[in-house]
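Notes follow the structure.
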Amino acid sequence: MTLLPILDRELRVTARRSSIYRNRLLVPAVLAAIIVLDLGLVAPPASAKGLGRTIYGVVSYLAFIICALEGARQTADCLSAEKREGTLGLLFLTDLNSYDVILGKLAAASLASFHALLAMVPILGCALFLGGVTPGEVWRIALALASLLSFSLAMGMWVSSRSQSASHAMGGTVVLLALALFAPWPLQFNPFSCLSPAWAFFGATDLNYTAHPLAYWGSLLLAQAFAFLLLTLAAVNIHRFREGEDPRKRKRQREFASASGDTTRVKRGNMLGVNPVYWLADFGGGSGIVSWTLACVAVAVTGIFLGPRLAGGTQPAGGLNVPGFYIMLGVLLCVHLTLKVFLASRACQCVAEARRNSTLELLLCTPLKVEDILRGQVLALKKAFLKPLLVVLFVEIIAIYWMLSVTIGIPAAARKLPVSMGDILIGVEVAYVLFFLLDLQGVVWTGFWFGLCSKNESTATFKTIFYVILLPVLLLVLYCLGMILFVVWPLVAYVWSRLQLQEHFRHLAGQRLIASGNLTGWLPLYVPNLPENAAPD
């Protein structure tokens, strides 16, 4: 009998996929194009060493983001998809063990990722020819990226073993990765800093490595230990799935459902009168609990930091250079991005799931219009996310007001501005509110579009997170041009997704059993081919 049969089969199947060879060519080509474009938009450095450091910094940070996201893209839905389709139980009809399944899925998901990582290393090595970068920095950063990639894949595997929904798996993997990578950073250069797998990446430079060599190697070892622990826990979860669900847990769920049944029926009856799709797409209380918890965290942190200052009218003596301000800003940013990730995952889920189980086809056979179907999905998302998002927006407006008032009020030159400080504050906050709301619209409608046109729910969620949330941030490496694109990106995403939905909704809603070649790929501007006898709506 073959040792680890699923591992053997998955490696053979994955090695024949064209995506491995395509990624080995595409990833370095994209990195090289970004370097050329980035260097063309800035003034040339004073020396070749400065050019080498620029190339090293841009490529290494982009490689860091790619390796961190590979866990969410490759492994976050590998086991949860098997649970939804009912094929995971079929594997356990044989004499396979849980570790066979885990190692087989991990090998299939990680082969293409590690091939792409190997293709990035030569681009990093190009900086050696220009100077400013030592060979030790290159191989240390390569080791740190490999460690980060393995940790990211293990994290996605563990979350997938505990999830049933693709949106829960994808969103949970992204959030947990962000917490694991950046939560220990307030303890920077302390004994606890190496708990973050990202410390090895930032500690790979000659300056940091010379000062803290043990922290670098400790971060690498701890990342691999955490990855092994996560894979072990994933195997334990799969073993529990094989044994079956605890009957006491099912009993508690039935008792809870019967206790809240009357109230739920009344509320859902009112929703049915508003919009049938609103009633159908209601997510229950899970999303509301998560979003309200995040909103309460933002309010608590902001209140702890700004409450005494706003009440007493005091300002920090040295401007904004205080640790508490950066902690508050980091928490608000994490809460903001986490809510956007969950909103994107829910937007993809509500359309992708309805398309997969043919609900959209049935709805299109009724008198409901496409606008009514989409409006019902929007109402369901508003019920789960609107109020917590407004609370977070209010907290962020207070933080922006305090920050701008301190920044403008400290220097004496600020009093000679042609406009008053109040006008500046009002203008900035109005602009931020408009950008905040437009950004949410872009996330929701792009999630609808990718959920409709993607091969599966996990792919749709990842594409929405990447194209609408992460890509605008990555564009900031283009300096002034990147700032302009960052501002207009939500508007472009919103308008483009609305137009695509209006034109192709009916055609794509009936493609559950059609080959995925008619659906969109990873390029967002690719338009699906309509059949000859079909016309756009």
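Identifiers in the structure tokens: chain A, B, ... in order shown; residue index from 1 per chain; ligand index from 1 in order shown.
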### Message
List as an MDAnalysis selection string the protein and nucleic acid residues near segment 85-96 of chain A, meaning an atom at most 9 Å away when only C-alpha atoms are counted, but skip any in the same chain fewer than 3 places from it.
### Response
chainID A and resid 4:6 79:82 99:101 241:242
Quick one: contact table of segment 48-131 of chain A to segment 11-30 of chain A, 6 Å max, nearest atom pair and distance in Å to one decimal per residue, counting only C-alpha atoms, chain and number order, as a tab-separated table?
```
residue	atom	partner	partner_atom	distance
A:Ala108	CA	A:Thr14	CA	5.9
A:Ala112	CA	A:Ile20	CA	5.0
A:Ala116	CA	A:Arg24	CA	5.1
A:Ala119	CA	A:Arg24	CA	5.6
A:Met120	CA	A:Pro28	CA	5.6
```
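Closest approach to Leu7 of chain A among A:Val378, A:Val274, A:Leu501, A:Gly104 is made by A:Gly104 (distances from only C-alpha atoms).
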### Between atom CA of Leu393 of chain A and atom CA of Leu339 of chain A - distance in Å to one decimal
11.5 Å
### Task
Just give me the gap between atom CA of Ala281 of chain A and atom CA of Glu353 of chain A in Å, one decimal is fine.
9.9 Å
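Taking atom CA of Gln74 of chain A as the reference point, atom CA of Ala109 of chain A is found at 5.3 Å.
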### Query
Any idea what's packed within 7 Å of segment 290-305 of chain A, counting only C-alpha atoms, ignoring anything in its chain fewer than 5 positions away? Could you give it as a list of chain:residue names?
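Listing them by chain and then by number gives A:Gly324, A:Met328, A:Val331, A:Leu332, A:Val335, A:Leu339, A:Phe385, A:Pro388, A:Val391, A:Val392, A:Val395.
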Hey, can you spit out that residue selection with all heavy atoms as a CSV table (one decimal), in the first residue's frame?
```csv
chain,number,residue,atom,x,y,z
A,324,GLY,N,-0.1,55.8,23.0
A,324,GLY,CA,-1.5,55.6,23.1
A,324,GLY,C,-2.2,55.9,21.8
A,324,GLY,O,-3.2,55.3,21.4
A,328,MET,N,-4.4,53.4,19.5
A,328,MET,CA,-5.8,53.7,19.1
A,328,MET,C,-6.0,53.6,17.6
A,328,MET,O,-6.9,53.1,17.1
A,328,MET,CB,-6.2,55.0,19.7
A,328,MET,CG,-7.7,55.4,19.3
A,328,MET,SD,-8.0,57.2,19.6
A,328,MET,CE,-7.0,57.9,18.3
A,331,VAL,N,-5.9,50.0,16.3
A,331,VAL,CA,-7.1,49.3,16.6
A,331,VAL,C,-8.2,49.7,15.7
A,331,VAL,O,-9.0,48.9,15.2
A,331,VAL,CB,-7.5,49.5,18.1
A,331,VAL,CG1,-8.9,48.9,18.4
A,331,VAL,CG2,-6.5,48.8,19.0
A,332,LEU,N,-8.4,51.0,15.5
A,332,LEU,CA,-9.4,51.5,14.6
A,332,LEU,C,-9.2,51.0,13.2
A,332,LEU,O,-10.2,50.6,12.5
A,332,LEU,CB,-9.5,53.0,14.6
A,332,LEU,CG,-10.0,53.7,15.9
A,332,LEU,CD1,-10.0,55.2,15.7
A,332,LEU,CD2,-11.4,53.2,16.2
A,335,VAL,N,-10.1,47.2,13.1
A,335,VAL,CA,-11.6,47.1,13.2
A,335,VAL,C,-12.2,47.4,11.8
A,335,VAL,O,-13.1,46.7,11.3
A,335,VAL,CB,-12.2,47.9,14.3
A,335,VAL,CG1,-13.7,47.9,14.2
A,335,VAL,CG2,-11.8,47.3,15.7
A,339,LEU,N,-14.2,44.6,9.5
A,339,LEU,CA,-15.6,44.7,9.1
A,339,LEU,C,-15.7,44.7,7.6
A,339,LEU,O,-16.7,44.1,7.1
A,339,LEU,CB,-16.1,46.0,9.7
A,339,LEU,CG,-16.5,46.0,11.2
A,339,LEU,CD1,-16.9,47.4,11.6
A,339,LEU,CD2,-17.6,45.0,11.4
A,385,PHE,N,-24.9,44.8,9.2
A,385,PHE,CA,-23.7,45.5,9.3
A,385,PHE,C,-23.9,47.0,9.4
A,385,PHE,O,-22.9,47.7,9.7
A,385,PHE,CB,-22.8,45.3,8.0
A,385,PHE,CG,-22.3,43.9,8.0
A,385,PHE,CD1,-22.9,42.9,7.2
A,385,PHE,CD2,-21.1,43.6,8.7
A,385,PHE,CE1,-22.4,41.6,7.2
A,385,PHE,CE2,-20.6,42.3,8.6
A,385,PHE,CZ,-21.2,41.3,7.9
A,388,PRO,N,-23.5,48.8,13.2
A,388,PRO,CA,-22.1,48.7,13.7
A,388,PRO,C,-21.1,49.6,12.8
A,388,PRO,O,-20.2,50.2,13.4
A,388,PRO,CB,-21.7,47.2,13.6
A,388,PRO,CG,-23.0,46.5,13.7
A,388,PRO,CD,-24.0,47.4,13.0
A,391,VAL,N,-21.5,53.1,13.8
A,391,VAL,CA,-20.8,53.4,15.1
A,391,VAL,C,-19.3,53.6,14.9
A,391,VAL,O,-18.7,54.5,15.4
A,391,VAL,CB,-21.1,52.2,16.1
A,391,VAL,CG1,-20.2,52.4,17.3
A,391,VAL,CG2,-22.6,52.2,16.5
A,392,VAL,N,-18.7,52.7,14.1
A,392,VAL,CA,-17.3,52.8,13.8
A,392,VAL,C,-17.0,54.1,13.0
A,392,VAL,O,-16.0,54.8,13.3
A,392,VAL,CB,-16.9,51.6,12.9
A,392,VAL,CG1,-15.4,51.7,12.5
A,392,VAL,CG2,-17.0,50.3,13.8
A,395,VAL,N,-17.0,56.9,15.6
A,395,VAL,CA,-15.7,56.9,16.4
A,395,VAL,C,-14.6,57.4,15.5
A,395,VAL,O,-13.7,58.2,16.0
A,395,VAL,CB,-15.5,55.5,16.9
A,395,VAL,CG1,-14.1,55.3,17.5
A,395,VAL,CG2,-16.5,55.0,17.9
```
### Message
I'd like the neighbourhood of Ser219 of chain A as a ChimeraX atom specification, where a residue qualifies if any of its atoms comes within 7 Å (using only C-alpha atoms), though same-chain residues fewer than 4 positions away should be ignored.
### Response
/A:194-197,199-200,215,223
### Neighbour list for segment 472-488 of chain A as a PyMOL selection string, cut-off 8 Å, only C-alpha atoms, skip fewer than 2 positions in-chain
chain A and resi 37-38+41+58+435+467-470+490-492
#### Entry: Exercise: Ser110 of chain A partners within 9 Å, only C-alpha atoms, chain neighbours under 5 positions left out, as a ChimeraX atom specification
/A:70-71,74-75,105,115,149-150,153
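If you count only C-alpha atoms and ignore residues fewer than 2 places along the chain from segment 445-456 of chain A, what sits within 6 Å of it is Ala344, Ala347, Cys348, Val351, Ala352, Gly442, Val443, Ser458, Thr459, Ala460, Thr464, Ser497, Ser516, Leu519 and Thr520 of chain A.
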Serialized selection, N, CA, C and O atoms, as a PDB file, in the first residue's frame:
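Writing done, so here's again07.pdb:
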```
ATOM      1  N   ALA A 344     -17.410  41.880   2.793  1.00  0.00           N
ATOM      2  CA  ALA A 344     -17.117  41.316   1.475  1.00  0.00           C
ATOM      3  C   ALA A 344     -17.452  39.826   1.426  1.00  0.00           C
ATOM      4  O   ALA A 344     -18.030  39.337   0.436  1.00  0.00           O
ATOM      5  N   ALA A 347     -21.248  39.441   1.301  1.00  0.00           N
ATOM      6  CA  ALA A 347     -21.789  39.832  -0.003  1.00  0.00           C
ATOM      7  C   ALA A 347     -21.546  38.746  -1.044  1.00  0.00           C
ATOM      8  O   ALA A 347     -22.424  38.464  -1.877  1.00  0.00           O
ATOM      9  N   CYS A 348     -20.375  38.133  -1.007  1.00  0.00           N
ATOM     10  CA  CYS A 348     -20.100  37.040  -1.939  1.00  0.00           C
ATOM     11  C   CYS A 348     -20.938  35.808  -1.613  1.00  0.00           C
ATOM     12  O   CYS A 348     -21.449  35.127  -2.518  1.00  0.00           O
ATOM     13  N   VAL A 351     -24.824  35.766  -2.776  1.00  0.00           N
ATOM     14  CA  VAL A 351     -25.082  35.569  -4.199  1.00  0.00           C
ATOM     15  C   VAL A 351     -24.535  34.234  -4.681  1.00  0.00           C
ATOM     16  O   VAL A 351     -25.197  33.515  -5.434  1.00  0.00           O
ATOM     17  N   ALA A 352     -23.316  33.877  -4.259  1.00  0.00           N
ATOM     18  CA  ALA A 352     -22.713  32.623  -4.717  1.00  0.00           C
ATOM     19  C   ALA A 352     -23.511  31.413  -4.246  1.00  0.00           C
ATOM     20  O   ALA A 352     -23.711  30.449  -5.002  1.00  0.00           O
ATOM     21  N   GLY A 442     -18.700  50.034  -2.842  1.00  0.00           N
ATOM     22  CA  GLY A 442     -17.820  49.305  -3.741  1.00  0.00           C
ATOM     23  C   GLY A 442     -17.572  47.881  -3.286  1.00  0.00           C
ATOM     24  O   GLY A 442     -17.565  46.942  -4.099  1.00  0.00           O
ATOM     25  N   VAL A 443     -17.391  47.678  -1.981  1.00  0.00           N
ATOM     26  CA  VAL A 443     -17.170  46.333  -1.451  1.00  0.00           C
ATOM     27  C   VAL A 443     -18.399  45.457  -1.669  1.00  0.00           C
ATOM     28  O   VAL A 443     -18.294  44.303  -2.131  1.00  0.00           O
ATOM     29  N   SER A 458     -15.337  30.701  -2.309  1.00  0.00           N
ATOM     30  CA  SER A 458     -14.045  31.097  -1.759  1.00  0.00           C
ATOM     31  C   SER A 458     -13.256  31.946  -2.749  1.00  0.00           C
ATOM     32  O   SER A 458     -12.613  32.931  -2.367  1.00  0.00           O
ATOM     33  N   THR A 459     -13.301  31.585  -4.034  1.00  0.00           N
ATOM     34  CA  THR A 459     -12.612  32.394  -5.044  1.00  0.00           C
ATOM     35  C   THR A 459     -13.219  33.782  -5.128  1.00  0.00           C
ATOM     36  O   THR A 459     -12.501  34.784  -5.253  1.00  0.00           O
ATOM     37  N   ALA A 460     -14.541  33.866  -5.065  1.00  0.00           N
ATOM     38  CA  ALA A 460     -15.208  35.170  -5.119  1.00  0.00           C
ATOM     39  C   ALA A 460     -14.819  36.037  -3.930  1.00  0.00           C
ATOM     40  O   ALA A 460     -14.557  37.238  -4.075  1.00  0.00           O
ATOM     41  N   THR A 464     -12.697  39.589  -4.142  1.00  0.00           N
ATOM     42  CA  THR A 464     -13.269  40.832  -3.625  1.00  0.00           C
ATOM     43  C   THR A 464     -12.334  41.490  -2.617  1.00  0.00           C
ATOM     44  O   THR A 464     -12.094  42.706  -2.668  1.00  0.00           O
ATOM     45  N   SER A 497     -19.055  47.317 -11.178  1.00  0.00           N
ATOM     46  CA  SER A 497     -19.803  46.132 -10.742  1.00  0.00           C
ATOM     47  C   SER A 497     -21.292  46.291 -10.981  1.00  0.00           C
ATOM     48  O   SER A 497     -21.974  45.330 -11.368  1.00  0.00           O
ATOM     49  N   SER A 516     -16.915  26.097 -16.010  1.00  0.00           N
ATOM     50  CA  SER A 516     -16.449  27.360 -15.442  1.00  0.00           C
ATOM     51  C   SER A 516     -15.714  28.222 -16.446  1.00  0.00           C
ATOM     52  O   SER A 516     -15.367  29.351 -16.147  1.00  0.00           O
ATOM     53  N   LEU A 519     -17.263  31.561 -17.094  1.00  0.00           N
ATOM     54  CA  LEU A 519     -17.279  32.528 -16.014  1.00  0.00           C
ATOM     55  C   LEU A 519     -15.996  33.352 -16.057  1.00  0.00           C
ATOM     56  O   LEU A 519     -15.074  33.070 -16.810  1.00  0.00           O
ATOM     57  N   THR A 520     -15.958  34.380 -15.223  1.00  0.00           N
ATOM     58  CA  THR A 520     -14.786  35.241 -15.226  1.00  0.00           C
ATOM     59  C   THR A 520     -13.610  34.553 -14.550  1.00  0.00           C
ATOM     60  O   THR A 520     -13.773  33.756 -13.638  1.00  0.00           O
TER      61      THR A 520
END
```
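Candidate residues A:Tyr494, A:Trp279, A:Phe505, A:Phe226 were compared for distance to Lys369 of chain A, and the nearest is A:Phe505, using only C-alpha atoms.
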Per residue of segment 10-108 of chain A within 12 Å of segment 203-207 of chain A, what are the shortest atom pair and its distance in Å to one decimal, counting only C-alpha atoms, with rows by chain and residue number, as JSON lines?
```
{"residue": "A:Arg53", "atom": "CA", "partner": "A:Thr205", "partner_atom": "CA", "distance": 10.8}
{"residue": "A:Tyr56", "atom": "CA", "partner": "A:Thr205", "partner_atom": "CA", "distance": 10.5}
{"residue": "A:Gly57", "atom": "CA", "partner": "A:Thr205", "partner_atom": "CA", "distance": 10.3}
{"residue": "A:Ser60", "atom": "CA", "partner": "A:Ala204", "partner_atom": "CA", "distance": 10.6}
```
Residues from last step as file, N, CA and C atoms, as a PDB file, in the first residue's frame:
```pdb
ATOM      1  N   ARG A  53      18.550  49.269  -2.789  1.00  0.00           N
ATOM      2  CA  ARG A  53      17.686  49.208  -1.602  1.00  0.00           C
ATOM      3  C   ARG A  53      16.228  49.426  -1.956  1.00  0.00           C
ATOM      4  N   TYR A  56      14.956  46.201  -3.476  1.00  0.00           N
ATOM      5  CA  TYR A  56      14.849  45.200  -2.400  1.00  0.00           C
ATOM      6  C   TYR A  56      13.624  45.464  -1.526  1.00  0.00           C
ATOM      7  N   GLY A  57      13.401  46.728  -1.164  1.00  0.00           N
ATOM      8  CA  GLY A  57      12.271  47.044  -0.299  1.00  0.00           C
ATOM      9  C   GLY A  57      10.937  46.805  -0.971  1.00  0.00           C
ATOM     10  N   SER A  60      10.389  42.904  -1.608  1.00  0.00           N
ATOM     11  CA  SER A  60      10.225  42.137  -0.374  1.00  0.00           C
ATOM     12  C   SER A  60       8.869  42.392   0.273  1.00  0.00           C
TER      13      SER A  60
END
```
